[in-house]
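Visitor: The file below is coords09.cif, mmCIF, C-alpha atoms:
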```cif
data_upload
#
loop_
_atom_site.label_atom_id
_atom_site.label_comp_id
_atom_site.auth_asym_id
_atom_site.auth_seq_id
_atom_site.Cartn_x
_atom_site.Cartn_y
_atom_site.Cartn_z
CA MET A 20 -36.26 173.33 189.35
CA SER A 21 -33.54 175.85 188.42
CA PHE A 22 -34.22 179.29 186.98
CA VAL A 23 -32.12 182.27 185.90
CA ASN A 24 -33.73 185.70 185.58
CA ILE A 25 -32.85 187.41 182.29
CA SER A 26 -34.32 190.88 181.78
CA GLY A 27 -37.31 190.04 183.93
CA VAL A 28 -37.94 186.60 182.41
CA ASP A 29 -37.49 183.48 184.52
CA LEU A 30 -35.72 181.01 182.26
CA TYR A 31 -35.99 177.37 183.33
CA TYR A 32 -32.89 175.22 182.85
CA GLN A 33 -31.43 171.88 183.86
CA VAL A 34 -27.79 170.76 184.06
CA GLN A 35 -26.75 167.13 184.31
CA GLY A 36 -23.36 165.44 184.03
CA LYS A 37 -19.77 166.61 183.83
CA GLY A 38 -17.24 167.29 181.10
CA THR A 39 -17.54 169.04 177.75
CA PRO A 40 -20.74 171.15 177.81
CA ILE A 41 -23.52 170.75 175.23
CA ILE A 42 -26.56 173.03 175.29
CA PHE A 43 -29.74 171.91 173.48
CA ILE A 44 -32.35 174.14 171.77
CA HIS A 45 -35.91 172.97 171.14
CA PRO A 46 -38.33 174.04 168.35
CA PRO A 47 -41.56 176.05 168.90
CA LEU A 48 -44.15 174.68 171.37
CA LEU A 49 -41.95 171.77 172.42
CA THR A 50 -39.70 172.13 175.47
CA SER A 51 -36.50 170.80 176.98
CA VAL A 52 -38.34 167.49 177.56
CA THR A 53 -37.72 166.83 173.85
CA PHE A 54 -34.14 165.97 174.80
CA ILE A 55 -34.91 163.64 177.71
CA ARG A 56 -33.10 160.76 176.01
CA GLN A 57 -30.05 162.92 175.38
CA ILE A 58 -30.07 164.07 179.02
CA ASN A 59 -30.32 160.53 180.34
CA GLU A 60 -27.59 159.00 178.18
CA LEU A 61 -25.20 161.76 177.12
CA SER A 62 -24.91 163.11 180.68
CA ASN A 63 -22.79 160.02 181.39
CA HIS A 64 -20.15 161.54 179.10
CA PHE A 65 -20.74 165.31 178.94
CA LYS A 66 -22.27 168.24 180.81
CA ILE A 67 -25.76 168.44 179.31
CA ILE A 68 -27.66 171.74 179.53
CA VAL A 69 -31.29 172.07 178.47
CA PHE A 70 -33.64 175.01 178.90
CA ASP A 71 -37.13 176.15 178.02
CA ILE A 72 -37.17 179.11 175.64
CA ARG A 73 -39.07 182.18 176.88
CA GLY A 74 -42.82 181.55 176.97
CA HIS A 75 -42.35 177.78 176.64
CA GLY A 76 -42.76 175.07 179.25
CA ASN A 77 -41.62 176.21 182.68
CA SER A 78 -40.13 179.52 181.50
CA SER A 79 -42.17 182.68 182.05
CA PHE A 80 -43.83 184.90 179.45
CA SER A 81 -41.67 187.33 177.49
CA GLU A 82 -42.94 190.86 176.95
CA GLU A 83 -40.10 191.29 174.46
CA ILE A 84 -40.91 189.79 171.04
CA LEU A 85 -39.28 186.40 170.58
CA THR A 86 -36.59 186.40 167.88
CA TYR A 87 -33.59 184.20 167.17
CA PRO A 88 -31.13 186.94 168.24
CA LEU A 89 -33.01 187.28 171.54
CA ILE A 90 -32.89 183.52 172.14
CA SER A 91 -29.18 183.47 171.23
CA HIS A 92 -28.61 186.25 173.75
CA ASP A 93 -30.47 184.24 176.40
CA ILE A 94 -28.19 181.26 175.69
CA LYS A 95 -25.14 183.47 176.15
CA GLN A 96 -26.59 184.79 179.42
CA LEU A 97 -27.30 181.24 180.59
CA LEU A 98 -23.71 180.21 179.81
CA ASP A 99 -22.50 183.28 181.73
CA HIS A 100 -24.70 182.30 184.68
CA LEU A 101 -23.26 178.77 184.64
CA GLU A 102 -19.71 180.16 184.25
CA ILE A 103 -19.19 178.22 181.01
CA ASP A 104 -16.85 179.90 178.55
CA GLN A 105 -17.58 177.67 175.54
CA ALA A 106 -20.03 174.92 174.66
CA PHE A 107 -21.22 172.82 171.76
CA ILE A 108 -24.59 174.23 170.62
CA CYS A 109 -27.18 171.67 169.50
CA GLY A 110 -30.59 172.42 168.01
CA TYR A 111 -33.47 170.37 166.67
CA SER A 112 -35.51 171.55 163.65
CA THR A 113 -35.97 175.34 163.93
CA GLY A 114 -33.83 175.11 167.06
CA GLY A 115 -31.03 174.34 164.62
CA SER A 116 -31.54 177.71 162.96
CA ILE A 117 -30.85 179.28 166.35
CA VAL A 118 -27.63 177.28 166.53
CA LEU A 119 -26.56 178.92 163.27
CA ASP A 120 -27.51 182.34 164.60
CA PHE A 121 -25.51 181.70 167.78
CA LEU A 122 -22.45 180.46 165.86
CA LEU A 123 -22.55 183.61 163.72
CA THR A 124 -23.14 185.99 166.64
CA TYR A 125 -21.06 184.42 169.43
CA PRO A 126 -18.39 182.25 167.77
CA GLU A 127 -16.04 182.87 170.70
CA ARG A 128 -18.55 181.12 173.03
CA SER A 129 -18.96 178.10 170.76
CA LEU A 130 -16.98 174.87 170.41
CA GLY A 131 -19.04 173.83 167.41
CA GLY A 132 -22.58 173.12 166.27
CA ILE A 133 -24.85 170.08 166.10
CA LEU A 134 -27.85 170.49 163.79
CA ILE A 135 -30.63 167.90 163.92
CA GLY A 136 -33.08 168.19 161.01
CA ALA A 137 -32.24 171.88 160.74
CA MET A 138 -32.40 174.63 158.12
CA SER A 139 -30.77 177.98 157.38
CA GLU A 140 -33.92 179.24 155.62
CA VAL A 141 -37.50 178.13 154.95
CA LYS A 142 -38.08 177.95 151.22
CA ASP A 143 -40.26 174.99 150.28
CA PRO A 144 -44.07 175.46 150.32
CA SER A 145 -44.72 172.37 152.45
CA LEU A 146 -42.58 173.53 155.37
CA LYS A 147 -43.88 177.10 155.03
CA ASN A 148 -47.44 175.78 155.25
CA LYS A 149 -46.69 173.70 158.35
CA ILE A 150 -45.07 176.63 160.16
CA THR A 151 -47.86 178.99 159.05
CA LEU A 152 -50.39 176.56 160.53
CA GLY A 153 -48.46 176.71 163.79
CA VAL A 154 -48.62 180.51 163.66
CA LYS A 155 -52.40 180.47 163.10
CA LEU A 156 -53.16 177.89 165.80
CA ALA A 157 -51.06 179.83 168.31
CA GLU A 158 -52.81 183.07 167.28
CA TRP A 159 -56.15 181.37 167.87
CA LYS A 160 -54.85 180.13 171.24
CA ALA A 161 -55.54 176.56 170.12
CA LEU A 162 -52.50 175.26 171.99
CA THR A 163 -54.22 172.06 173.09
CA ILE A 164 -54.74 170.96 169.48
CA LEU A 165 -51.21 172.01 168.53
CA ALA A 166 -49.69 170.34 171.59
CA LEU A 167 -51.54 167.08 170.92
CA SER A 168 -50.33 166.97 167.33
CA VAL A 169 -46.70 167.92 167.94
CA SER A 170 -46.36 165.70 171.01
CA PHE A 171 -47.86 162.73 169.17
CA THR A 172 -45.53 163.03 166.16
CA ASN A 173 -42.47 163.34 168.42
CA SER A 174 -43.24 160.42 170.74
CA ASN A 175 -43.01 156.66 170.43
CA THR A 176 -44.26 155.69 173.90
CA LYS A 177 -47.33 156.73 175.91
CA LYS A 178 -45.11 157.96 178.73
CA LEU A 179 -43.11 160.24 176.43
CA PHE A 180 -46.29 161.53 174.78
CA LYS A 181 -47.75 162.51 178.15
CA GLU A 182 -44.53 164.29 179.18
CA LEU A 183 -44.20 166.18 175.91
CA TYR A 184 -47.88 167.17 175.93
CA LEU A 185 -47.93 168.22 179.59
CA HIS A 186 -45.00 170.61 179.14
CA ALA A 187 -45.98 171.85 175.66
CA ASN A 188 -49.40 172.79 177.01
CA LYS A 189 -47.78 175.07 179.61
CA GLY A 190 -46.57 177.43 176.87
CA LYS A 191 -47.71 181.01 176.31
CA ALA A 192 -49.55 181.30 172.99
CA LYS A 193 -48.18 184.74 172.06
CA ASN A 194 -44.52 183.74 172.49
CA ILE A 195 -45.06 180.45 170.68
CA GLU A 196 -46.68 182.32 167.77
CA GLN A 197 -43.69 184.71 167.69
CA TYR A 198 -41.21 181.81 167.56
CA TYR A 199 -43.10 180.16 164.69
CA ARG A 200 -43.47 183.45 162.83
CA TYR A 201 -39.78 184.40 163.07
CA SER A 202 -38.89 180.97 161.63
CA LEU A 203 -40.67 181.88 158.38
CA SER A 204 -38.51 184.94 157.70
CA TYR A 205 -35.11 183.90 159.08
CA ASN A 206 -32.42 183.34 156.45
CA CYS A 207 -28.70 183.08 157.17
CA THR A 208 -27.72 181.07 154.08
CA ALA A 209 -25.55 183.87 152.65
CA GLN A 210 -23.58 183.98 155.92
CA LEU A 211 -22.89 180.26 156.28
CA ASP A 212 -19.37 180.56 154.88
CA GLN A 213 -18.54 182.76 157.90
CA ILE A 214 -18.99 179.82 160.29
CA LYS A 215 -15.52 178.34 160.66
CA LEU A 216 -16.39 176.05 163.58
CA PRO A 217 -17.05 172.32 163.05
CA VAL A 218 -20.71 171.41 162.55
CA LEU A 219 -22.39 168.00 162.67
CA LEU A 220 -25.47 167.63 160.43
CA LEU A 221 -27.94 164.86 161.34
CA TYR A 222 -31.00 164.10 159.20
CA GLY A 223 -33.40 161.21 158.78
CA GLU A 224 -33.11 159.23 155.54
CA LYS A 225 -36.91 159.33 155.25
CA ASP A 226 -37.10 163.07 155.97
CA VAL A 227 -36.99 163.71 152.23
CA ALA A 228 -38.43 167.22 152.41
CA PHE A 229 -35.48 168.30 154.56
CA HIS A 230 -32.78 166.79 152.35
CA ARG A 231 -32.62 170.04 150.36
CA TYR A 232 -31.61 171.82 153.58
CA ALA A 233 -29.11 169.10 154.42
CA ARG A 234 -27.46 169.47 151.02
CA LEU A 235 -27.46 173.26 151.29
CA LEU A 236 -25.74 173.27 154.68
CA ASN A 237 -23.33 170.56 153.58
CA GLU A 238 -22.32 172.66 150.57
CA LYS A 239 -22.10 176.04 152.34
CA LEU A 240 -20.62 175.31 155.79
CA PRO A 241 -16.80 175.28 155.59
CA VAL A 242 -16.29 172.49 158.17
CA ASN A 243 -19.09 169.95 158.49
CA GLU A 244 -20.04 166.29 158.51
CA LEU A 245 -23.41 165.16 157.12
CA ILE A 246 -24.98 161.92 158.35
CA LEU A 247 -28.30 160.45 157.23
CA ILE A 248 -29.88 158.17 159.82
CA GLY A 249 -31.84 155.31 158.31
CA ASP A 250 -35.52 154.36 158.62
CA ILE A 251 -36.54 157.61 160.32
CA LYS A 252 -38.19 160.89 159.32
CA HIS A 253 -37.79 164.18 161.20
CA GLN A 254 -38.16 163.32 164.89
CA LEU A 255 -34.60 162.19 165.54
CA PRO A 256 -34.01 163.20 169.21
CA THR A 257 -36.86 160.99 170.43
CA LYS A 258 -37.32 158.34 167.73
CA ALA A 259 -33.66 157.76 166.86
CA ALA A 260 -32.12 158.67 170.20
CA TRP A 261 -29.51 155.90 170.21
CA GLU A 262 -28.18 156.91 166.79
CA VAL A 263 -28.26 160.64 167.58
CA ASN A 264 -26.40 160.09 170.85
CA TYR A 265 -23.83 157.84 169.18
CA PHE A 266 -22.99 160.35 166.46
CA ILE A 267 -22.84 163.23 168.95
CA LYS A 268 -20.39 161.26 171.10
CA ARG A 269 -18.29 160.41 168.06
CA PHE A 270 -18.30 164.00 166.78
CA ILE A 271 -17.25 165.53 170.09
CA SER A 272 -14.56 162.95 170.75
CA THR A 273 -13.12 163.71 167.31
CA GLN A 274 -13.04 167.45 168.09
CA ASN A 275 -11.43 166.86 171.48
CA ASN A 276 -8.58 164.78 170.03
#
```
Show me this structure written as structure tokens.
Guide:
Amino acid sequence: MSFVNISGVDLYYQVQGKGTPIIFIHPPLLTSVTFIRQINELSNHFKIIVFDIRGHGNSSFSEEILTYPLISHDIKQLLDHLEIDQAFICGYSTGGSIVLDFLLTYPERSLGGILIGAMSEVKDPSLKNKITLGVKLAEWKALTILALSVSFTNSNTKKLFKELYLHANKGKAKNIEQYYRYSLSYNCTAQLDQIKLPVLLLYGEKDVAFHRYARLLNEKLPVNELILIGDIKHQLPTKAAWEVNYFIKRFISTQNN
């Protein structure tokens, strides 16, 4: 296993493949294992970088409160460590909000963004309630219950479920609670027009609750492509891996031409 020490925190990361770099960002509780199907397939075409956010999976506990700017800074530090000047930044769900934060904060280190079921703000009551439940369960240190639920909804095989659950259950409750909590208040919608880099938007056709966020990003981001993937809800990296990987390959090849 590979680690880089950032301000006293051991950040776990994995690099596989060669070529154009893509770094992936997971949502709260989940870990880099979420992108196992991207690692396995896309590493045949690109340099794939995954990492566990502070206090998640194999990364150590963070005394510093977890915020999107802190995670963005960690990504920059990881790119520095790997001697990578620029990369495509890809995030799933709330990990996509961190992509937006990174594109706004470090545009010079970014080739573009890939947002999978992402949002620039949390406005609808249903999503607020789900994230608030995550906050409460983490506060109560009920990670086993939370890990079972999140791992189950993101898996479609027993093997994947076990892997997701094993690594999710390694997390540190306080940092996971902080990640969930920051997601409730983050809002960069008014700044979206400042992102001049190309952005790929991927959403499930059946993820109806997130379509409002898809439309918002599609309207506000100056350079973007919105794709709805059929017969799937929110869990695109694991349950629609072939489609996600195909559209990522197509998007990056278009940017490189």
Visitor: Spell out the residues picked by the PyMOL selection byres ((chain A and resi 139) around 7) here, as a ChimeraX atom specification.
Guide: /A:116,138,140,206-208
Visitor: Please write as a PyMOL selection string the full residue list that the PyMOL selection byres ((chain A and resi 257) around 12) yields on this file.
Guide: chain A and resi 51-59+111+135+170-176+179-180+183+251-256+258-264
Visitor: Excluding same-chain residues fewer than 3 positions from Gln197 (chain A), what lies within 10 Å of it counting only C-alpha atoms, as an MDAnalysis selection string?
Guide: chainID A and resid 47 74 84:86 154 157:158 192:194 200:202
Visitor: Applying the PyMOL selection byres ((chain A and resi 31) around 7) to the file I just gave you, which residues come out? Please list them as a list in words.
Guide: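 Written out, the selection comes to Ser21, Phe22, Val23, Asp29, Leu30, Tyr32, Phe70, Asp71, Asn77 and Ser78 of chain A.
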Visitor: For CA of Pro88 (chain A) and CA of Lys239 (chain A), determine how far apart the two atoms are, in Å to one decimal place.
Guide: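 Separation of CA of Pro88 (chain A) and CA of Lys239 (chain A): 21.3 Å.
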Visitor: Using all atoms listed in the file, I'd like a table of the residues in region 44-150 of chain A that come within 7 Å of region 209-223 of chain A; for each, show the closest atom pair and its distance in Å rounded to one decimal, ordered by chain and ascending number, as JSON lines.
Guide:
```
{"residue": "A:Leu122", "atom": "CA", "partner": "A:Ile214", "partner_atom": "CA", "distance": 6.6}
{"residue": "A:Leu123", "atom": "CA", "partner": "A:Ile214", "partner_atom": "CA", "distance": 6.2}
{"residue": "A:Leu130", "atom": "CA", "partner": "A:Leu216", "partner_atom": "CA", "distance": 7.0}
{"residue": "A:Gly131", "atom": "CA", "partner": "A:Pro217", "partner_atom": "CA", "distance": 5.0}
{"residue": "A:Gly132", "atom": "CA", "partner": "A:Val218", "partner_atom": "CA", "distance": 4.5}
{"residue": "A:Ile133", "atom": "CA", "partner": "A:Leu219", "partner_atom": "CA", "distance": 4.7}
{"residue": "A:Leu134", "atom": "CA", "partner": "A:Leu220", "partner_atom": "CA", "distance": 5.0}
{"residue": "A:Ile135", "atom": "CA", "partner": "A:Leu221", "partner_atom": "CA", "distance": 4.8}
{"residue": "A:Gly136", "atom": "CA", "partner": "A:Tyr222", "partner_atom": "CA", "distance": 4.9}
```
Visitor: Using C-alpha atoms, can you export the residues from the last selection as a PDB file, keeping the file's coordinate frame?
Guide:
```
ATOM      1  CA  LEU A 122     -22.450 180.460 165.860  1.00  0.00           C
ATOM      2  CA  LEU A 123     -22.550 183.610 163.720  1.00  0.00           C
ATOM      3  CA  LEU A 130     -16.980 174.870 170.410  1.00  0.00           C
ATOM      4  CA  GLY A 131     -19.040 173.830 167.410  1.00  0.00           C
ATOM      5  CA  GLY A 132     -22.580 173.120 166.270  1.00  0.00           C
ATOM      6  CA  ILE A 133     -24.850 170.080 166.100  1.00  0.00           C
ATOM      7  CA  LEU A 134     -27.850 170.490 163.790  1.00  0.00           C
ATOM      8  CA  ILE A 135     -30.630 167.900 163.920  1.00  0.00           C
ATOM      9  CA  GLY A 136     -33.080 168.190 161.010  1.00  0.00           C
TER      10      GLY A 136
END
```
Visitor: Mind listing whatever residues come within 10 Å of the point (-50.3, 176.2, 173.2)? Use all atoms listed in the file, file coordinates, and give them as a PyMOL selection string.
Guide: chain A and resi 47-49+74-76+153+156-167+184+186-196
Visitor: Extract, using only C-alpha atoms, all DNA, RNA and protein residues at most 8 Å from region 41-46 of chain A, discarding same-chain residues fewer than 2 positions from it, and format them as a ChimeraX atom specification.
Guide: /A:39,48-51,53-54,65-72,106-115,117-118
Visitor: For Gly38 (chain A), which residue out of A:Tyr205, A:Ile103, A:Tyr87, A:Val242 is the nearest one, using all atoms listed in the file?
Guide: A:Ile103
Visitor: Taking all atoms listed in the file into account, name the residue in A:Ser79, A:Glu224, A:Leu185, A:Lys37 that is nearest to Gly249 (chain A).
Guide: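 Residue with the minimum atom-to-atom distance to Gly249 (chain A): A:Glu224.
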